[in-house]
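S.K.: I am attaching a structure below and will ask some questions about it afterwards.
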Amino acid sequence: MNKPENRLVLAPMQGLVDDVMRDLLTRIGGFDECVTEFVRITHTVHSRPTWLKYMPELQHGNRTRAGVAVTLQLLGSDADNMAANALEAVRHGADKIDLNFGCPAPTVNKHAGGAVLLQEPARIEAIVRTLRQRLPEQIALSAKMRLGYTDKTLALDCARAIEAGGAGSLTVHARTKTEGYEPPAHWDWLARVRAHVRIPLTANGDVFCLQDYIDIKEISGCHSVMLGRGAVMVPDLARQIAAYEAGRPPAPLSWAELMPWIRLFFELCCAKEANNKYPLARLKQWLGMMKKAYPEAAVLFDAIRTLKEPAAVAAILAA
Ligand SMILES: Cc1cc2nc3c(=O)[nH]c(=O)nc-3n(C[C@H](O)[C@H](O)[C@H](O)COP(=O)(O)O)c2cc1C
């Protein structure tokens with residue numbers, strides 16, 4: 001049954017939400033769960049360093065430092081090899097596996113992975129079934145899909161296929177692959193999908209503020225919502241939503257209140273990679289996204305844009 005769980009989930013976002021961003025955003029608060037960036041499964045079985053690269057939380061009980069559960073996402077099309085990889089990840093500690101049926105990347109789609117599978121619900125069902133049958137019963141299996149590849153005619157079939165295959169829950173990003181990230185997300189379609197499956201459905205797509213959250217829940221009828229880009233642009237969006245759900249004022253953080261979090265993020269990035277590129281690239285990427293919500297982020301972005309040394313950036317952040 002669709003259970004009223006009210007879960008707030010941080011979306012998997014390859015190249016954007018790595019373990020450091022998960023750590024930071026879950027410390028700011030509001031999230032009940034995170035999903036890793038997709039781990040692509042081709043013809044090999046990944047070894048421990050690869051699993052730990054995508055999900056260092058495997059060494060910490062599958063939780064971020066703030067204690068929020070992390071799900072490992074796999075992307076592929078070879079059911080047997082996906083199952084072999086899932087079992088290997090479980091051997092290294094994973095306890096929740098999510099399957100990606102929504103990635104629009106041409107390289108991935110060319111190899112029959114991600115959104116291209118939305119044209120073949122039977123194949124989706126077979127993949128989900130194989131993983132459900134081979135994974136131990138206590139390992140949670142979920143899936144994430146878009147509404148289709150070029151159109152939405154198979155959306156309900158794909159959702160049913162995921163349920164029939166044995167997934168315990170489903171997240172739907174309310175767009176087709178062809179629609180990319182173009183607004184609007186079709187929240188009304190989430191209600192249609194919800195009416196066709198009994199497993200819990202998490203609504204996803206274009207939640208950038210508290211009002212979007214209220215609207216997506218009302219239109220979709222879903223109790224759980226996944227936040228993607230909005231959670232990075234407005235780092236306390238999940239906290240505002242959690243406060244709203246608890247009947248408290250959302251109390252958005254001011255830019256001054258966000259600055260300590262930005263400093264912490266940079267410190268965490270520096271601690272993760274000794275080389276100069278990662279911390280700077282990640283900070284610039286984040287400020288670039290925050291610019292849309294905070295004019296101050298644009299000023300800070302310009303101040304650090306040409307810097308190459310982390311020490312110089314740290315000095316500006318401290319000022
Ligand atoms: C940079 C980027 C990377 C993404 N990587 C993944 C991924 O690894 N796995 C996945 O299922 N979805 C991925 N997505 C899709 C998001 O999880 C989410 O479904 C989409 O961004 C819509 O939600 P939003 O409008 O709240 O951002 C990615 C999206 C973006 C923007």
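All residue names refer to the structure tokens as shown: chains lettered A, B, ... in order, residues numbered from 1 in each chain, ligands numbered from 1 in order.
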DSSP on the backbone: which residues in segment 35-229 of chain A end up as alpha helix (DSSP H)? Give the answer as an MDAnalysis selection string.

M.R.: chainID A and resid 48:54 79:91 106:110 121:134 155:165 187:196 210:220 229

S.K.: Residues within 9 Å of ligand 1 should be enumerated using only C-alpha atoms and all ligand atoms and returned as a PyMOL selection string.

M.R.: chain A and resi 10-17+35-39+73-75+98-104+114+143-146+171-175+180-181+183+185+204-208+226-232

S.K.: Would you kindly return, as a list in words, each protein, DNA or RNA residue with an atom no farther than 6 Å from any atom of Val9 of chain A, considering only C-alpha atoms and excluding same-chain residues fewer than 2 positions away?

M.R.: Phe31, Asp32, Glu33, Cys34 and Met226 of chain A

S.K.: So the first atom is atom CA of Arg7 of chain A and the second is atom CA of Val70 of chain A; what is the distance between them in Å, to one decimal place?

M.R.: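 One can read the atom CA of Arg7 of chain A to atom CA of Val70 of chain A distance as 13.2 Å.
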
S.K.: Tell me which protein, DNA and RNA residues are within 10 Å of Ala311 of chain A, counting only C-alpha atoms, leaving out same-chain ones fewer than 5 positions away, and put them as a list in words.

M.R.: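 Contacts, with the query itself left out: Cys270, Asn276, Ile316 and Leu317 of chain A.
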
S.K.: Taking 6 positions as the minimum chain separation for residues in the same chain, which residues sit within 12 Å of Asp80 of chain A when counting only C-alpha atoms? Answer as a PyMOL selection string.

M.R.: chain A and resi 41-45+86-87+126-135

S.K.: For the residues in that selection, give me C-alpha atoms as a JSON list (two decimals), in the first residue's frame.

M.R.:
[["chain", "number", "residue", "atom", "x", "y", "z"],
["A", 41, "ILE", "CA", 27.42, -1.59, -14.00],
["A", 42, "THR", "CA", 28.83, -2.89, -17.28],
["A", 43, "HIS", "CA", 30.54, -6.27, -17.56],
["A", 44, "THR", "CA", 32.67, -6.42, -14.42],
["A", 45, "VAL", "CA", 31.98, -6.76, -10.73],
["A", 86, "ALA", "CA", 24.45, -5.76, -5.86],
["A", 87, "LEU", "CA", 25.44, -8.86, -3.91],
["A", 126, "ALA", "CA", 13.04, -8.81, -15.43],
["A", 127, "ILE", "CA", 15.90, -6.72, -14.01],
["A", 128, "VAL", "CA", 13.99, -5.84, -10.85],
["A", 129, "ARG", "CA", 12.82, -9.45, -10.42],
["A", 130, "THR", "CA", 16.34, -10.87, -10.84],
["A", 131, "LEU", "CA", 17.71, -8.51, -8.21],
["A", 132, "ARG", "CA", 14.82, -9.12, -5.82],
["A", 133, "GLN", "CA", 15.23, -12.89, -6.12],
["A", 134, "ARG", "CA", 18.99, -12.87, -5.62],
["A", 135, "LEU", "CA", 19.27, -10.30, -2.85]]
